[in-house]
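Enquirer: As input, take start.txt (compact mmCIF, C-alpha atoms):
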# COMPACT_ATOMS: atom_id res chain seq x y z
CA MET A 1 -2.60 22.23 -39.31
CA THR A 2 -3.12 23.29 -35.71
CA ARG A 3 -1.96 21.07 -32.96
CA TRP A 4 -5.01 20.07 -30.92
CA TRP A 5 -3.27 18.13 -28.14
CA ARG A 6 -1.51 20.24 -25.55
CA PRO A 7 -0.43 19.58 -21.95
CA GLU A 8 -3.24 21.80 -20.69
CA LEU A 9 -5.78 19.47 -22.28
CA GLY A 10 -4.10 16.47 -20.67
CA LEU A 11 -4.41 18.05 -17.22
CA ALA A 12 -8.04 18.98 -17.90
CA VAL A 13 -8.88 15.41 -18.89
CA VAL A 14 -7.07 14.01 -15.82
CA VAL A 15 -9.07 16.30 -13.49
CA LEU A 16 -12.31 15.35 -15.24
CA VAL A 17 -11.60 11.60 -15.09
CA LEU A 18 -10.49 11.70 -11.45
CA GLY A 19 -13.65 13.60 -10.52
CA ALA A 20 -15.79 11.03 -12.32
CA LEU A 21 -13.94 8.20 -10.56
CA VAL A 22 -14.52 9.82 -7.16
CA VAL A 23 -18.25 10.19 -7.88
CA VAL A 24 -18.60 6.62 -9.17
CA GLY A 25 -16.55 5.21 -6.28
CA THR A 26 -18.66 7.11 -3.76
CA LEU A 27 -21.85 5.49 -5.04
CA ASP A 28 -20.74 2.23 -3.36
CA VAL A 29 -20.45 3.86 0.07
CA SER A 30 -23.27 2.80 2.34
CA ALA A 31 -24.34 4.19 5.66
CA ALA A 32 -26.42 2.80 8.49
CA ALA A 33 -30.13 3.51 8.12
CA SER A 34 -30.21 5.30 11.47
CA GLN A 35 -27.51 7.77 10.53
CA LEU A 36 -28.67 11.37 10.64
CA GLY A 37 -27.06 14.34 9.01
CA LEU A 38 -24.98 14.56 5.88
CA GLY A 39 -23.64 11.02 5.86
CA PRO A 40 -20.36 9.62 4.60
CA ARG A 41 -21.14 10.26 0.92
CA PHE A 42 -21.67 14.00 1.09
CA PHE A 43 -18.10 15.33 1.02
CA PRO A 44 -16.69 12.84 -1.51
CA MET A 45 -19.64 13.60 -3.81
CA LEU A 46 -19.11 17.33 -3.30
CA VAL A 47 -15.40 17.09 -4.11
CA GLY A 48 -15.93 14.69 -7.04
CA GLY A 49 -18.71 16.84 -8.48
CA ALA A 50 -16.58 19.96 -8.17
CA MET A 51 -13.71 18.18 -9.93
CA VAL A 52 -16.03 17.17 -12.78
CA VAL A 53 -17.30 20.75 -13.16
CA VAL A 54 -13.79 22.22 -13.04
CA GLY A 55 -12.51 19.57 -15.48
CA LEU A 56 -15.34 20.26 -17.93
CA CYS A 57 -14.79 24.02 -17.75
CA TYR A 58 -11.06 23.51 -18.22
CA VAL A 59 -11.55 21.19 -21.23
CA ILE A 60 -13.92 23.73 -22.84
CA ASP A 61 -11.44 26.55 -22.22
CA VAL A 62 -8.52 24.63 -23.72
CA VAL A 63 -10.51 23.46 -26.75
CA ARG A 64 -11.55 27.09 -27.38
CA GLY A 65 -7.90 28.08 -27.50
CA GLY A 66 -7.12 28.94 -23.89
CA ARG A 67 -3.51 28.60 -22.83
CA ALA A 68 -1.79 28.43 -19.47
CA ASP A 69 0.00 31.55 -18.36
CA PRO A 70 3.77 31.39 -18.69
CA GLU A 71 5.75 31.13 -15.49
CA GLU A 72 6.37 34.62 -14.16
CA SER A 73 7.56 33.92 -10.65
CA GLU A 74 10.74 35.58 -9.46
CA ASP A 75 12.10 32.53 -7.68
CA VAL A 76 11.53 29.94 -10.39
CA ASP A 77 13.92 29.21 -13.22
CA ALA A 78 11.88 27.45 -15.91
CA ASP A 79 15.08 26.28 -17.61
CA ALA A 80 16.58 24.70 -14.48
CA PRO A 81 16.87 20.90 -14.51
CA THR A 82 14.69 18.77 -12.24
CA ASP A 83 16.12 18.10 -8.80
CA TRP A 84 15.83 14.31 -8.95
CA ARG A 85 17.44 13.90 -5.52
CA SER A 86 14.58 15.79 -3.85
CA VAL A 87 11.99 13.93 -5.93
CA GLY A 88 13.51 10.61 -4.86
CA LEU A 89 13.71 11.59 -1.19
CA VAL A 90 10.11 12.84 -1.08
CA SER A 91 8.92 9.67 -2.83
CA GLY A 92 10.93 7.52 -0.43
CA ILE A 93 9.48 9.33 2.59
CA PHE A 94 5.93 8.78 1.33
CA LEU A 95 6.61 5.10 0.63
CA ALA A 96 8.16 4.62 4.08
CA PHE A 97 5.15 6.36 5.66
CA ALA A 98 2.75 4.05 3.81
CA ALA A 99 4.76 0.96 4.74
CA LEU A 100 5.17 1.83 8.42
CA LEU A 101 1.80 3.45 9.16
CA ASN A 102 0.20 0.40 10.78
CA VAL A 103 3.31 -0.31 12.86
CA LEU A 104 4.03 3.24 14.05
CA GLY A 105 0.47 4.53 14.12
CA TRP A 106 -0.84 7.79 12.72
CA ILE A 107 0.64 10.21 15.25
CA ILE A 108 4.22 8.94 15.10
CA GLY A 109 4.11 8.11 11.39
CA SER A 110 2.63 11.43 10.29
CA ALA A 111 5.00 13.38 12.55
CA LEU A 112 7.93 11.61 10.90
CA LEU A 113 6.36 12.22 7.49
CA PHE A 114 5.91 15.94 8.11
CA PHE A 115 9.37 16.30 9.62
CA GLY A 116 11.08 14.37 6.82
CA LEU A 117 9.31 16.38 4.13
CA SER A 118 10.12 19.68 5.80
CA VAL A 119 13.81 18.79 6.03
CA VAL A 120 13.99 17.57 2.42
CA LEU A 121 12.19 20.70 1.22
CA GLY A 122 14.62 22.98 3.04
CA ALA A 123 13.55 23.67 6.62
CA GLU A 124 16.28 25.70 8.28
CA HIS A 125 15.18 25.23 11.91
CA LYS A 126 14.97 21.50 12.41
CA LEU A 127 13.89 21.65 16.07
CA ARG A 128 11.01 23.95 15.16
CA ALA A 129 10.09 21.68 12.25
CA ALA A 130 10.05 18.68 14.60
CA GLY A 131 7.78 20.47 17.07
CA ILE A 132 5.37 21.59 14.37
CA SER A 133 5.38 18.07 12.93
CA VAL A 134 4.35 16.55 16.25
CA VAL A 135 1.61 19.16 16.72
CA MET A 136 0.34 18.51 13.18
CA GLY A 137 0.33 14.74 13.73
CA VAL A 138 -1.64 15.01 16.97
CA ALA A 139 -4.00 17.65 15.56
CA THR A 140 -4.84 15.65 12.43
CA TYR A 141 -5.33 12.51 14.52
CA LEU A 142 -7.72 14.26 16.88
CA LEU A 143 -9.56 15.94 14.02
CA PHE A 144 -10.15 12.70 12.15
CA VAL A 145 -10.65 10.30 15.07
CA LYS A 146 -12.49 12.46 17.59
CA GLY A 147 -14.04 15.03 15.25
CA LEU A 148 -15.00 12.98 12.20
CA GLY A 149 -15.16 9.49 13.67
CA VAL A 150 -12.62 8.07 11.21
CA SER A 151 -10.45 5.30 12.60
CA LEU A 152 -6.72 5.76 12.16
CA PRO A 153 -4.06 3.32 13.34
CA GLY A 154 -2.97 4.09 16.87
CA GLY A 155 0.28 2.12 16.89
CA PRO A 156 2.16 2.19 20.20
CA LEU A 157 0.09 5.19 21.32
CA ALA A 158 -3.24 3.35 20.98
CA GLY A 159 -5.38 4.11 24.00
CA VAL A 160 -3.21 7.03 25.15
CA ILE A 161 -5.20 9.60 23.21
Can you dump the structure from the file as C-alpha cells?
Expert:
Amino acid sequence: MTRWWRPELGLAVVVLVLGALVVVGTLDVSAAASQLGLGPRFFPMLVGGAMVVVGLCYVIDVVRGGRADPEESEDVDADAPTDWRSVGLVSGIFLAFAALLNVLGWIIGSALLFFGLSVVLGAEHKLRAAGISVVMGVATYLLFVKGLGVSLPGGPLAGVI
C-alpha cells in the first residue's frame, strides 16, 4: 500500500487554504465610493488568488507523485539538530516587537526588530547592522505611510516625519 500523505502535500494544502482565507477575508474590505484606481482589495486578491493557484498546482503535482528535491546545499547539514536557542530568540524578538509597537512606534520598533534579528542570525558588524536597521525602519515607514497611505503607529516620533 502506498503512503498517500506526505509533508509536501501538507504544505500544498496549507498554501491553498491560506490563499482561500486571504481571498475570503478580502471580500469584506470596503472602499469609499469616490476612490479611483485599483482600490484596497486589488493586491490582497492578487496575492490570495496566486496562492490558490500555486496551492492547487502543488497539490496536483504531489498527488501525481511529485516529490521535493533533497537538500543539496553545501552549507546545510540535514542531520544537524535544530538550534532551539535561535528559534526562541527570534520568536521572543517578534513577540516583543508586537507588544511594544504601539508604544515605540513603527520606526523605532522595526529598527529594533531588524537589528535584533540580524544579531541573532549572525551579523558580524553590529554598527553596520544598526545603521541598516534604522534606514530600513524609516524607509518602510515612508513607503507605507507616505506612499501607500497606510497608517502606522508613530510612537514618540509622531509628527516628526
Enquirer: Find the distance between atom CA of A:Gly92 and atom CA of A:Gly131 and write it in Å to one decimal.
Expert: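 Separation between atom CA of A:Gly92 and atom CA of A:Gly131: 22.0 Å.
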Enquirer: Using only C-alpha atoms for the distances, tell me which of A:Leu56, A:Val14, A:Leu46, A:Leu121 is nearest to A:Val87.
Expert: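 Looking only at the distances to A:Val87, the closest residue turns out to be A:Leu121.
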Enquirer: Enter the distance from atom CA of A:Gly147 to atom CA of A:Pro40, in Å, rounded to one decimal.
Expert: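 Taking atom CA of A:Gly147 and atom CA of A:Pro40, their separation equals 13.5 Å.
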Enquirer: Can you tell me, as a PyMOL selection string, which residues sit within 12 Å of (-19.1, 7.9, -4.6) in the file's frame, using only C-alpha atoms?
Expert: chain A and resi 18-30+39-49
Enquirer: I'd like the neighbourhood of A:Pro153 as an NGL selection string, where a residue qualifies if any of its atoms comes within 8 Å (using only C-alpha atoms), though same-chain residues fewer than 5 positions away should be ignored.
Expert: :A and (101-102 or 105-106 or 158)
Enquirer: Within 8 Å of stretch 65-67 of chain A, counting all atoms listed in the file, which residues show up once you throw out same-chain ones fewer than 3 positions away? Write them as a ChimeraX atom specification, please.
Expert: /A:8,61-62
Enquirer: Of the candidates A:Pro81, A:Pro156, A:Gly116, A:Gly10, which shows the shortest atom-to-atom distance to A:Val63, using all atoms listed in the file?
Expert: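 Once distances to A:Val63 are computed over all atoms listed in the file, the minimum belongs to A:Gly10.
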Enquirer: With distances taken over only C-alpha atoms, which residue among A:Val134, A:Ala111, A:Ala12, A:Gly88 lies nearest A:Val59?
Expert: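 For A:Val59, the nearest of the candidates is A:Ala12.
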Enquirer: One decimal, Å: what's the distance from atom CA of A:Ala129 over to atom CA of A:Phe115, could you say?
Expert: 6.0 Å
Enquirer: Give me, as a list in words, all polymer residues having an atom no more than 12 Å from A:Leu89, counting all atoms listed in the file and skipping those fewer than 2 positions away in the same chain.
Expert: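 Once the nearby chain positions are removed, what remains is Asp83, Trp84, Arg85, Ser86, Val87, Ser91, Gly92, Ile93, Phe94, Leu95, Ala96, Leu113, Gly116, Leu117, Ser118, Val119, Val120 and Leu121 of chain A.
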Enquirer: Quick one: residues within 9 Å of A:Phe114, only C-alpha atoms counted, chain neighbours fewer than 6 positions away excluded, as a compact mmCIF listing (two decimals) with C-alpha atoms, in the frame of the given file?
Expert:
# COMPACT_ATOMS: atom_id res chain seq x y z
CA ALA A 129 10.09 21.68 12.25
CA ALA A 130 10.05 18.68 14.60
CA ILE A 132 5.37 21.59 14.37
CA SER A 133 5.38 18.07 12.93
CA VAL A 134 4.35 16.55 16.25
CA MET A 136 0.34 18.51 13.18
CA GLY A 137 0.33 14.74 13.73
Enquirer: Taking into account all atoms listed in the file, which residue in the set A:Leu16, A:Leu157, A:Val103, A:Leu143 is nearest to A:Gly55?
Expert: A:Leu16
Enquirer: For A:Val160, please output as a list in words all residues within 12 Å (counting only C-alpha atoms; exclusion window: fewer than 5 positions along the same chain).
Expert: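 Contacts, in chain order: Gly105, Ile107, Val138, Leu142, Gly154 and Gly155 of chain A.
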